[in-house]
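Containing mmCIF, C-alpha atoms: protein02.cif.
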```
data_structure
loop_
_atom_site.label_atom_id
_atom_site.label_comp_id
_atom_site.auth_asym_id
_atom_site.auth_seq_id
_atom_site.Cartn_x
_atom_site.Cartn_y
_atom_site.Cartn_z
CA ASP A 1 23.84 -26.66 15.90
CA GLY A 2 22.55 -24.33 13.22
CA LEU A 3 18.87 -25.16 13.79
CA GLY A 4 18.13 -21.95 15.69
CA GLU A 5 15.06 -21.76 17.89
CA ASP A 6 12.61 -23.03 15.26
CA GLY A 7 14.50 -25.56 13.13
CA PHE A 8 14.42 -29.33 13.60
CA ARG A 9 15.93 -32.60 12.40
CA LEU A 10 14.01 -35.87 11.92
CA GLN A 11 16.07 -39.07 11.94
CA ALA A 12 15.49 -42.80 11.83
CA LYS A 13 18.53 -43.85 13.80
CA GLY A 14 19.02 -47.51 14.62
CA GLY A 15 15.75 -48.59 16.18
CA ASP A 16 14.81 -45.09 17.23
CA LEU A 17 12.88 -42.19 15.75
CA VAL A 18 14.72 -39.05 16.82
CA VAL A 19 13.43 -35.47 16.80
CA THR A 20 16.06 -32.82 17.52
CA GLY A 21 15.28 -29.13 17.55
CA GLY A 22 15.50 -25.69 19.05
CA ARG A 23 13.17 -24.22 21.65
CA ARG A 24 10.13 -24.34 19.38
CA GLY A 25 11.63 -26.61 16.74
CA ILE A 26 11.36 -29.78 18.80
CA LEU A 27 7.57 -29.39 18.90
CA TYR A 28 7.37 -28.36 15.23
CA GLY A 29 9.29 -31.53 14.39
CA VAL A 30 6.76 -33.72 16.19
CA TYR A 31 3.87 -32.10 14.32
CA GLU A 32 5.75 -32.52 11.04
CA LEU A 33 5.95 -36.26 11.69
CA LEU A 34 2.24 -36.39 12.46
CA GLU A 35 1.30 -34.43 9.35
CA THR A 36 3.64 -36.01 6.80
CA TYR A 37 3.66 -39.61 7.97
CA GLY A 38 0.49 -39.84 10.06
CA GLY A 39 -1.90 -37.96 7.77
CA CYS A 40 -2.88 -35.47 10.48
CA GLY A 41 -3.92 -31.95 9.67
CA TRP A 42 -5.05 -28.83 11.53
CA TYR A 43 -6.88 -26.77 8.95
CA ALA A 44 -9.13 -24.46 10.97
CA VAL A 45 -10.52 -24.11 14.47
CA ASP A 46 -13.47 -26.26 13.39
CA CYS A 47 -11.57 -28.71 11.17
CA GLU A 48 -9.00 -31.12 12.54
CA GLY A 49 -8.00 -34.31 10.79
CA VAL A 50 -6.52 -37.14 12.87
CA PRO A 51 -7.05 -40.42 11.01
CA GLU A 52 -7.06 -43.89 12.53
CA ILE A 53 -4.23 -45.86 10.95
CA ALA A 54 -3.05 -49.39 11.64
CA ARG A 55 0.62 -48.58 11.28
CA PHE A 56 2.67 -45.42 11.72
CA ALA A 57 5.75 -45.72 9.51
CA VAL A 58 8.60 -43.45 8.39
CA PRO A 59 11.33 -44.17 5.82
CA GLY A 60 14.17 -46.23 7.22
CA ASP A 61 16.70 -43.70 5.94
CA LEU A 62 14.81 -40.65 7.26
CA ASN A 63 17.19 -37.75 7.85
CA ARG A 64 15.48 -34.39 7.27
CA VAL A 65 16.52 -30.96 8.44
CA GLU A 66 14.04 -28.10 8.21
CA LYS A 67 14.37 -24.44 9.08
CA PRO A 68 11.79 -21.69 8.52
CA ALA A 69 12.00 -19.19 5.70
CA PHE A 70 11.12 -16.31 8.05
CA VAL A 71 12.26 -15.57 11.58
CA ARG A 72 8.92 -14.16 12.80
CA ARG A 73 5.74 -15.66 11.35
CA ARG A 74 2.26 -14.34 11.99
CA CYS A 75 -1.12 -14.74 10.30
CA ASN A 76 -3.82 -12.41 11.56
CA ASN A 77 -6.55 -14.99 12.09
CA GLY A 78 -8.21 -13.59 15.16
CA TYR A 79 -10.67 -16.43 15.66
CA THR A 80 -7.99 -18.88 16.73
CA VAL A 81 -7.18 -18.12 20.32
CA SER A 82 -5.65 -21.46 21.30
CA PRO A 83 -1.83 -21.55 21.45
CA ASP A 84 -2.02 -25.27 20.61
CA PHE A 85 -3.48 -24.34 17.24
CA PHE A 86 -0.82 -21.75 16.45
CA VAL A 87 2.01 -24.10 17.37
CA ARG A 88 0.64 -26.63 14.88
CA TRP A 89 0.73 -23.86 12.27
CA ARG A 90 4.28 -22.95 13.39
CA GLN A 91 3.28 -19.39 14.17
CA ASN A 92 5.63 -17.89 16.75
CA ASP A 93 4.34 -14.40 17.53
CA ALA A 94 2.67 -13.92 20.94
CA GLU A 95 0.55 -11.12 19.44
CA LEU A 96 -1.60 -13.99 18.13
CA SER A 97 -2.05 -15.67 21.48
CA PRO A 98 -0.42 -14.77 24.80
CA GLY A 99 -0.41 -18.49 25.60
CA LEU A 100 2.44 -18.98 23.14
CA ARG A 101 4.77 -17.52 25.76
CA ALA A 102 4.47 -20.72 27.79
CA ALA A 103 7.57 -22.89 28.09
CA LYS A 104 5.67 -25.98 26.93
CA PHE A 105 5.24 -24.30 23.53
CA GLY A 106 8.90 -23.28 23.38
CA GLY A 107 8.04 -19.66 24.10
CA ALA A 108 7.40 -16.99 21.48
CA MET A 109 9.54 -14.50 19.61
CA PRO A 110 10.65 -11.42 21.57
CA GLU A 111 7.64 -9.19 21.84
CA PHE A 112 6.70 -5.66 20.93
CA ASP A 113 6.20 -3.33 23.88
CA ALA A 114 2.54 -3.52 24.92
CA GLU A 115 2.14 0.20 25.55
CA LEU A 116 3.71 1.47 22.35
CA GLY A 117 2.51 -1.40 20.20
CA ILE A 118 3.59 -2.54 16.76
CA CYS A 119 2.81 0.55 14.67
CA HIS A 120 1.39 4.11 14.52
CA THR A 121 2.95 5.17 17.80
CA PHE A 122 3.65 8.91 17.47
CA GLU A 123 0.36 9.77 19.15
CA LYS A 124 1.20 7.38 22.00
CA ILE A 125 4.57 9.08 22.49
CA LEU A 126 3.31 12.68 22.32
CA ASN A 127 -0.44 13.14 22.09
CA PRO A 128 -1.49 16.57 20.76
CA LYS A 129 -4.40 16.56 23.22
CA ASP A 130 -1.84 16.76 26.01
CA HIS A 131 0.90 18.85 24.42
CA PHE A 132 -0.32 20.94 21.49
CA LYS A 133 -1.62 23.90 23.49
CA ASP A 134 1.75 24.54 25.16
CA HIS A 135 4.05 23.11 22.50
CA PRO A 136 2.63 23.27 18.97
CA GLU A 137 6.23 23.10 17.72
CA TYR A 138 6.29 19.39 18.65
CA PHE A 139 3.92 18.61 15.79
CA SER A 140 3.73 18.77 12.00
CA GLU A 141 3.97 22.05 10.22
CA LYS A 142 1.99 22.28 6.99
CA ASP A 143 1.69 25.41 4.84
CA GLY A 144 3.35 27.38 7.62
CA LYS A 145 0.92 26.24 10.34
CA ARG A 146 1.28 23.59 13.03
CA LEU A 147 -1.39 20.88 12.87
CA GLU A 148 -3.27 19.74 15.95
CA LYS A 149 -5.51 17.24 14.13
CA ASP A 150 -4.22 14.37 11.98
CA THR A 151 -0.70 15.43 12.80
CA GLN A 152 2.68 13.72 13.03
CA LEU A 153 5.75 14.71 15.06
CA CYS A 154 8.33 17.31 14.10
CA LEU A 155 11.30 14.99 13.74
CA THR A 156 14.01 17.66 13.81
CA ASN A 157 12.82 19.21 17.07
CA PRO A 158 15.38 18.36 19.81
CA ASP A 159 12.73 18.29 22.56
CA VAL A 160 10.65 15.77 20.58
CA LEU A 161 13.74 13.57 20.32
CA ARG A 162 14.49 13.93 24.04
CA LEU A 163 10.92 13.07 25.08
CA THR A 164 10.76 10.12 22.69
CA ILE A 165 14.00 8.70 24.06
CA GLU A 166 12.68 9.16 27.60
CA LYS A 167 9.49 7.30 26.66
CA VAL A 168 11.31 4.36 25.07
CA VAL A 169 13.87 4.09 27.88
CA SER A 170 11.10 4.16 30.48
CA ARG A 171 9.35 1.31 28.68
CA ILE A 172 12.58 -0.71 28.53
CA ARG A 173 13.02 -0.29 32.27
CA ALA A 174 9.39 -1.15 33.00
CA ASN A 175 9.56 -4.35 30.96
CA ARG A 176 12.84 -5.35 32.57
CA ALA A 177 11.41 -4.78 36.04
CA ALA A 178 8.40 -6.93 35.14
CA GLY A 179 10.63 -9.71 33.80
CA LYS A 180 9.04 -9.56 30.33
CA ASP A 181 10.79 -10.74 27.14
CA VAL A 182 10.13 -7.47 25.31
CA ARG A 183 12.78 -6.15 22.94
CA ILE A 184 10.94 -4.23 20.21
CA TYR A 185 9.75 -0.64 20.66
CA GLY A 186 7.64 1.05 18.01
CA VAL A 187 8.47 4.62 16.97
CA SER A 188 6.45 5.25 13.83
CA PRO A 189 4.05 7.71 12.15
CA ASN A 190 0.35 7.75 12.88
CA ASP A 191 -2.06 6.15 10.42
CA TRP A 192 -2.48 9.19 8.21
CA LYS A 193 -0.25 11.50 6.20
CA ASN A 194 0.78 15.11 6.99
CA PRO A 195 4.53 14.77 7.62
CA CYS A 196 6.19 17.85 9.05
CA THR A 197 7.34 20.36 6.43
CA CYS A 198 9.03 22.87 8.71
CA PRO A 199 12.27 24.22 7.16
CA ALA A 200 14.52 21.73 8.99
CA CYS A 201 12.39 18.63 8.24
CA ALA A 202 11.76 19.74 4.65
CA ALA A 203 15.47 20.31 4.00
CA LEU A 204 16.44 16.86 5.31
CA ASP A 205 13.65 15.13 3.36
CA ALA A 206 14.61 17.00 0.18
CA GLN A 207 18.21 15.94 0.63
CA GLU A 208 17.16 12.30 1.10
CA GLY A 209 14.46 12.32 -1.57
CA SER A 210 11.74 11.11 0.80
CA PRO A 211 10.13 11.87 4.19
CA SER A 212 11.74 8.61 5.28
CA GLY A 213 14.94 10.67 5.55
CA SER A 214 13.87 12.62 8.64
CA LEU A 215 12.13 9.53 10.04
CA ILE A 216 15.14 7.19 9.83
CA ALA A 217 17.50 9.90 11.09
CA PHE A 218 15.22 10.41 14.09
CA VAL A 219 14.67 6.70 14.78
CA ASN A 220 18.42 6.02 14.54
CA LYS A 221 19.04 8.41 17.44
CA VAL A 222 16.31 6.77 19.49
CA ALA A 223 17.75 3.34 18.70
CA GLU A 224 21.22 4.44 19.80
CA ALA A 225 19.86 5.52 23.18
CA ALA A 226 17.78 2.34 23.49
CA GLU A 227 20.81 0.15 22.87
CA LYS A 228 22.68 1.84 25.72
CA GLU A 229 19.84 0.91 28.04
CA ASP A 230 19.38 -2.61 26.62
CA PRO A 231 21.91 -4.03 24.12
CA GLU A 232 19.17 -6.26 22.65
CA ALA A 233 16.58 -3.52 22.18
CA ILE A 234 15.21 -2.97 18.67
CA VAL A 235 13.36 0.16 17.57
CA GLU A 236 10.72 -0.49 14.92
CA THR A 237 9.38 2.03 12.44
CA LEU A 238 7.21 2.10 9.33
CA ALA A 239 7.91 2.30 5.63
CA TYR A 240 4.27 3.08 4.92
CA GLN A 241 2.43 5.56 2.74
CA TYR A 242 4.65 8.67 2.61
CA THR A 243 7.71 6.96 4.19
CA ARG A 244 7.81 3.94 1.87
CA VAL A 245 10.48 5.36 -0.45
CA PRO A 246 13.88 4.67 1.18
CA PRO A 247 16.25 7.57 1.96
CA LYS A 248 19.12 8.17 -0.45
CA THR A 249 22.03 8.13 1.98
CA ILE A 250 20.82 7.59 5.56
CA ARG A 251 20.93 3.95 6.63
CA PRO A 252 18.81 2.41 9.40
CA ARG A 253 20.94 1.57 12.42
CA HIS A 254 21.69 -2.12 13.03
CA ASN A 255 19.04 -2.26 15.77
CA VAL A 256 16.29 -0.56 13.74
CA MET A 257 13.52 -2.74 12.31
CA VAL A 258 11.85 -1.36 9.19
CA THR A 259 8.26 -2.53 8.72
CA LEU A 260 7.31 -2.24 5.06
CA CYS A 261 3.54 -2.10 4.45
CA VAL A 262 2.17 -2.92 1.01
CA ILE A 263 -1.55 -2.19 1.29
CA GLU A 264 -1.83 -0.16 -1.95
CA LEU A 265 -0.99 -3.01 -4.31
CA ASP A 266 -2.91 -5.06 -6.84
CA PHE A 267 -3.07 -8.54 -5.31
CA SER A 268 -4.83 -10.34 -8.15
CA LYS A 269 -1.48 -11.34 -9.63
CA PRO A 270 1.85 -12.15 -7.99
CA ILE A 271 3.76 -8.99 -7.12
CA ALA A 272 6.81 -10.19 -9.04
CA GLU A 273 4.78 -10.48 -12.27
CA SER A 274 2.26 -7.64 -12.06
CA ARG A 275 2.60 -4.64 -14.36
CA PHE A 276 0.42 -2.51 -12.10
CA GLY A 277 2.26 0.70 -11.28
CA ALA A 278 2.14 0.37 -7.48
CA ASN A 279 3.49 -3.18 -7.72
CA GLU A 280 6.37 -2.06 -9.93
CA ARG A 281 7.22 0.70 -7.47
CA LEU A 282 7.09 -1.73 -4.56
CA ARG A 283 9.56 -4.04 -6.29
CA ALA A 284 12.05 -1.19 -6.55
CA GLN A 285 11.43 0.04 -3.01
CA LEU A 286 11.75 -3.43 -1.49
CA GLY A 287 15.05 -3.96 -3.25
CA LYS A 288 16.43 -0.74 -1.79
CA TRP A 289 15.18 -1.44 1.75
CA ARG A 290 16.70 -4.92 1.53
CA GLU A 291 20.10 -3.37 0.82
CA ILE A 292 20.07 -1.04 3.83
CA ALA A 293 17.91 -2.65 6.55
CA ASN A 294 19.25 -5.22 9.00
CA HIS A 295 15.73 -6.18 10.14
CA LEU A 296 13.07 -6.06 7.42
CA TYR A 297 9.55 -6.86 8.59
CA LEU A 298 6.91 -6.99 5.86
CA TRP A 299 3.24 -6.35 6.56
CA ASN A 300 1.21 -7.92 3.77
CA TYR A 301 -2.55 -7.75 3.19
CA ASP A 302 -4.61 -10.77 2.12
CA SER A 303 -8.27 -9.79 2.42
CA ASN A 304 -10.61 -7.43 0.64
CA TRP A 305 -10.56 -4.68 3.24
CA ARG A 306 -13.38 -2.71 1.64
CA TYR A 307 -15.84 -5.55 1.02
CA ALA A 308 -14.79 -8.43 3.25
CA ALA A 309 -17.36 -10.97 2.07
CA MET A 310 -16.94 -10.35 -1.65
CA PRO A 311 -14.92 -12.80 -3.76
CA HIS A 312 -11.26 -11.86 -3.59
CA PRO A 313 -9.41 -13.79 -6.31
CA ASN A 314 -5.89 -13.67 -4.87
CA LEU A 315 -5.38 -17.36 -4.15
CA ASP A 316 -2.89 -17.83 -6.98
CA ALA A 317 -0.84 -14.86 -5.77
CA LEU A 318 -0.56 -15.71 -2.06
CA VAL A 319 2.31 -18.20 -2.09
CA PRO A 320 4.26 -16.56 -4.95
CA ASN A 321 4.15 -13.33 -2.96
CA VAL A 322 5.52 -15.04 0.15
CA ARG A 323 8.26 -16.53 -2.04
CA PHE A 324 8.99 -13.09 -3.50
CA PHE A 325 9.31 -11.57 -0.03
CA ARG A 326 11.75 -14.26 1.04
CA GLU A 327 13.85 -13.88 -2.09
CA ASN A 328 14.06 -10.14 -1.48
CA GLY A 329 15.47 -10.26 2.02
CA VAL A 330 12.37 -10.00 4.22
CA THR A 331 13.27 -11.50 7.61
CA ASP A 332 9.92 -11.25 9.43
CA LEU A 333 6.46 -11.61 7.88
CA PHE A 334 2.96 -10.62 8.98
CA GLU A 335 0.15 -11.76 6.70
CA ASN A 336 -2.71 -9.48 7.68
CA PHE A 337 -6.13 -11.00 7.07
CA LEU A 338 -9.22 -8.99 8.00
CA SER A 339 -10.04 -11.06 11.05
CA ALA A 340 -12.85 -8.80 12.25
CA ASN A 341 -15.21 -10.50 9.79
CA PRO A 342 -15.59 -14.31 9.68
CA ALA A 343 -17.10 -14.08 6.21
CA ASN A 344 -13.77 -13.30 4.57
CA ASP A 345 -13.44 -15.00 1.21
CA PHE A 346 -11.97 -18.49 1.89
CA PHE A 347 -10.56 -17.22 5.17
CA TRP A 348 -9.28 -20.55 6.51
CA LEU A 349 -7.94 -21.93 3.25
CA LYS A 350 -5.90 -18.80 2.64
CA ASN A 351 -4.67 -18.54 6.22
CA TRP A 352 -3.58 -22.17 6.28
CA LEU A 353 -1.87 -21.92 2.91
CA VAL A 354 0.05 -18.77 3.85
CA ALA A 355 1.07 -20.24 7.21
CA LYS A 356 2.54 -23.23 5.37
CA ALA A 357 4.32 -20.94 2.90
CA MET A 358 5.88 -18.91 5.70
CA TRP A 359 7.75 -22.05 6.65
CA ASN A 360 8.40 -23.32 3.13
CA PRO A 361 7.64 -20.91 0.24
CA GLY A 362 8.53 -23.66 -2.24
CA LEU A 363 5.49 -25.78 -1.39
CA ASP A 364 3.25 -27.32 -4.05
CA VAL A 365 0.26 -24.96 -4.04
CA GLY A 366 -2.07 -27.23 -6.00
CA ALA A 367 -1.43 -30.21 -3.74
CA HIS A 368 -2.00 -28.12 -0.64
CA VAL A 369 -5.24 -26.62 -1.96
CA ARG A 370 -6.47 -30.13 -2.75
CA ARG A 371 -5.53 -31.40 0.70
CA PHE A 372 -7.27 -28.54 2.47
CA THR A 373 -10.44 -28.61 0.40
CA ASP A 374 -10.76 -32.39 0.73
CA ALA A 375 -10.46 -32.08 4.51
CA TYR A 376 -12.59 -28.99 5.00
CA TYR A 377 -15.34 -29.41 2.39
CA GLY A 378 -15.52 -33.20 2.12
CA LYS A 379 -17.76 -34.32 -0.76
CA ALA A 380 -18.16 -30.73 -1.89
CA ALA A 381 -14.41 -30.31 -2.42
CA PRO A 382 -14.39 -30.89 -6.23
CA PHE A 383 -17.08 -28.23 -6.67
CA VAL A 384 -15.21 -25.79 -4.45
CA ARG A 385 -12.04 -26.30 -6.49
CA GLU A 386 -13.98 -25.73 -9.68
CA TYR A 387 -15.34 -22.48 -8.23
CA LEU A 388 -11.81 -21.41 -7.27
CA ARG A 389 -10.58 -22.18 -10.78
CA ARG A 390 -13.35 -20.11 -12.38
CA LEU A 391 -12.81 -17.28 -9.94
CA ALA A 392 -9.13 -17.16 -10.93
CA ASP A 393 -9.86 -17.06 -14.65
CA ASP A 394 -8.89 -13.62 -15.81
CA PRO A 395 -10.35 -12.55 -19.18
CA ARG A 396 -7.43 -10.14 -19.53
CA ASP A 397 -5.19 -13.17 -20.02
CA GLU A 398 -7.12 -14.39 -23.09
#
```
Represent the structure of the file as structure tokens.
Amino acid sequence: DGLGEDGFRLQAKGGDLVVTGGRRGILYGVYELLETYGGCGWYAVDCEGVPEIARFAVPGDLNRVEKPAFVRRRCNNGYTVSPDFFVRWRQNDAELSPGLRAAKFGGAMPEFDAELGICHTFEKILNPKDHFKDHPEYFSEKDGKRLEKDTQLCLTNPDVLRLTIEKVVSRIRANRAAGKDVRIYGVSPNDWKNPCTCPACAALDAQEGSPSGSLIAFVNKVAEAAEKEDPEAIVETLAYQYTRVPPKTIRPRHNVMVTLCVIELDFSKPIAESRFGANERLRAQLGKWREIANHLYLWNYDSNWRYAAMPHPNLDALVPNVRFFRENGVTDLFENFLSANPANDFFWLKNWLVAKAMWNPGLDVGAHVRRFTDAYYGKAAPFVREYLRRLADDPRDE
């Protein structure tokens, strides 16, 4: 009881070693035993450590209970396609590997609808290529003109609401008919700006102090209709770019998931400590979203997205940032590494470290960096650690 789907208990009980856990927790508990007491480690797809030992021993009074810091945990390391690997990292999102759905892995978290996806869905709901000619009023108005290119939806238009509800309800029915464990449906702005500034949208956004006002009001109505079709349905939307400032009075419905994206930040220092303006604003925005959102999914960025192979000295900020997210009410976490390029700066070290922190943000960073570098770099490990130390030296601190 109380372990949920991912938690576990390890006990030395009489002459037995007992692992108790939820659907996925039972397997996580076994891997915890192998890592902590057997010296095993799964560091990267090309680096596994399984030592030969004469005796496998645990403390005679072993009685440990562990539960994850975040409900949904996902690192975007696209080179690891094996579900076995992700289970060892305690990642539970099938977006990483469809194989995680299998019963032998305990199954995955409820999924996002495959057709709508996880984000930037307005164009999938109403594509201007199909609708703009006959219904320009469905799309953003800017400077008195409706936009066909780089446009969003007009969120106060009743027909847009009706068609969006029809789309989401049709997807709920399709997933139910296919027997899929899908509960999350994305209704969120496209990956550019240009929110609608028609009189109705502009008035609502002015009242709420942010374009998130018209967005949350719209998504709430979609979520209400979705819940009538499926009581477990969740509608996900974005607090990203122009919608990142929370609305003043409108509150996301209980079955709305807000995905907060933090791509504009300075990641060289922990978010909680940085005096960079965007970081300070994020701290305030996160605190407000925490107060009003029942589901708060945070989309963090860990790579240099402009120059993937260049040194990216954010190692000392990774775990403190995960800790900061947990302390500020984030329930689900996606650490987004630039997986399209294998030359990312210390790609596997950072992925492994963040995966560990998603389970336990209080981990000893130095000890974990030492363990990984010893395993992955062997005799070169001391030189790699020295390089990491020099890379982290910031002359602004002197």
I need the output of the PyMOL selection byres ((chain A and resi 304) around 10) for this file as a PyMOL selection string; which residues are they? chain A and resi 267+301-303+305-314+337-338+344-345
Return the single residue from A:Thr197, A:Asn321, A:Gln91, A:Ser188 that is closest to Phe139 of chain A, with distances computed using only C-alpha atoms.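 Using only C-alpha atoms, the shortest distance to Phe139 of chain A belongs to A:Thr197.
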Within-10 Å shell of (-9.7, -31.0, 3.0) in input frame, all atoms listed in the file, as a PDB file with C-alpha atoms, in the coordinates of the input:
```
ATOM      1  CA  GLY A  41      -3.920 -31.950   9.670  1.00  0.00           C
ATOM      2  CA  TRP A  42      -5.050 -28.830  11.530  1.00  0.00           C
ATOM      3  CA  TYR A  43      -6.880 -26.770   8.950  1.00  0.00           C
ATOM      4  CA  CYS A  47     -11.570 -28.710  11.170  1.00  0.00           C
ATOM      5  CA  GLU A  48      -9.000 -31.120  12.540  1.00  0.00           C
ATOM      6  CA  GLY A  49      -8.000 -34.310  10.790  1.00  0.00           C
ATOM      7  CA  LEU A 349      -7.940 -21.930   3.250  1.00  0.00           C
ATOM      8  CA  HIS A 368      -2.000 -28.120  -0.640  1.00  0.00           C
ATOM      9  CA  VAL A 369      -5.240 -26.620  -1.960  1.00  0.00           C
ATOM     10  CA  ARG A 370      -6.470 -30.130  -2.750  1.00  0.00           C
ATOM     11  CA  ARG A 371      -5.530 -31.400   0.700  1.00  0.00           C
ATOM     12  CA  PHE A 372      -7.270 -28.540   2.470  1.00  0.00           C
ATOM     13  CA  THR A 373     -10.440 -28.610   0.400  1.00  0.00           C
ATOM     14  CA  ASP A 374     -10.760 -32.390   0.730  1.00  0.00           C
ATOM     15  CA  ALA A 375     -10.460 -32.080   4.510  1.00  0.00           C
ATOM     16  CA  TYR A 376     -12.590 -28.990   5.000  1.00  0.00           C
ATOM     17  CA  TYR A 377     -15.340 -29.410   2.390  1.00  0.00           C
ATOM     18  CA  GLY A 378     -15.520 -33.200   2.120  1.00  0.00           C
ATOM     19  CA  LYS A 379     -17.760 -34.320  -0.760  1.00  0.00           C
ATOM     20  CA  ALA A 380     -18.160 -30.730  -1.890  1.00  0.00           C
ATOM     21  CA  ALA A 381     -14.410 -30.310  -2.420  1.00  0.00           C
TER      22      ALA A 381
END
```
Residue with smallest distance to Arg73 of chain A - pool A:Asn328, A:Asn300, A:Asn220, A:Ser140, counting only C-alpha atoms: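 Closest candidate: A:Asn300.
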Quick one: residues within 7 Å of Glu208 of chain A, only C-alpha atoms, excluding same-chain residues fewer than 2 positions away - as an MDAnalysis selection string? chainID A and resid 204:206 210 213 247:249
Residues of the last selection are to be written out with C-alpha atoms, as a compact mmCIF listing (two decimals), in the frame of the given file.
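The new file again_12.txt reads:
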```txt
# COMPACT_ATOMS: atom_id res chain seq x y z
CA LEU A 204 16.44 16.86 5.31
CA ASP A 205 13.65 15.13 3.36
CA ALA A 206 14.61 17.00 0.18
CA SER A 210 11.74 11.11 0.80
CA GLY A 213 14.94 10.67 5.55
CA PRO A 247 16.25 7.57 1.96
CA LYS A 248 19.12 8.17 -0.45
CA THR A 249 22.03 8.13 1.98
```
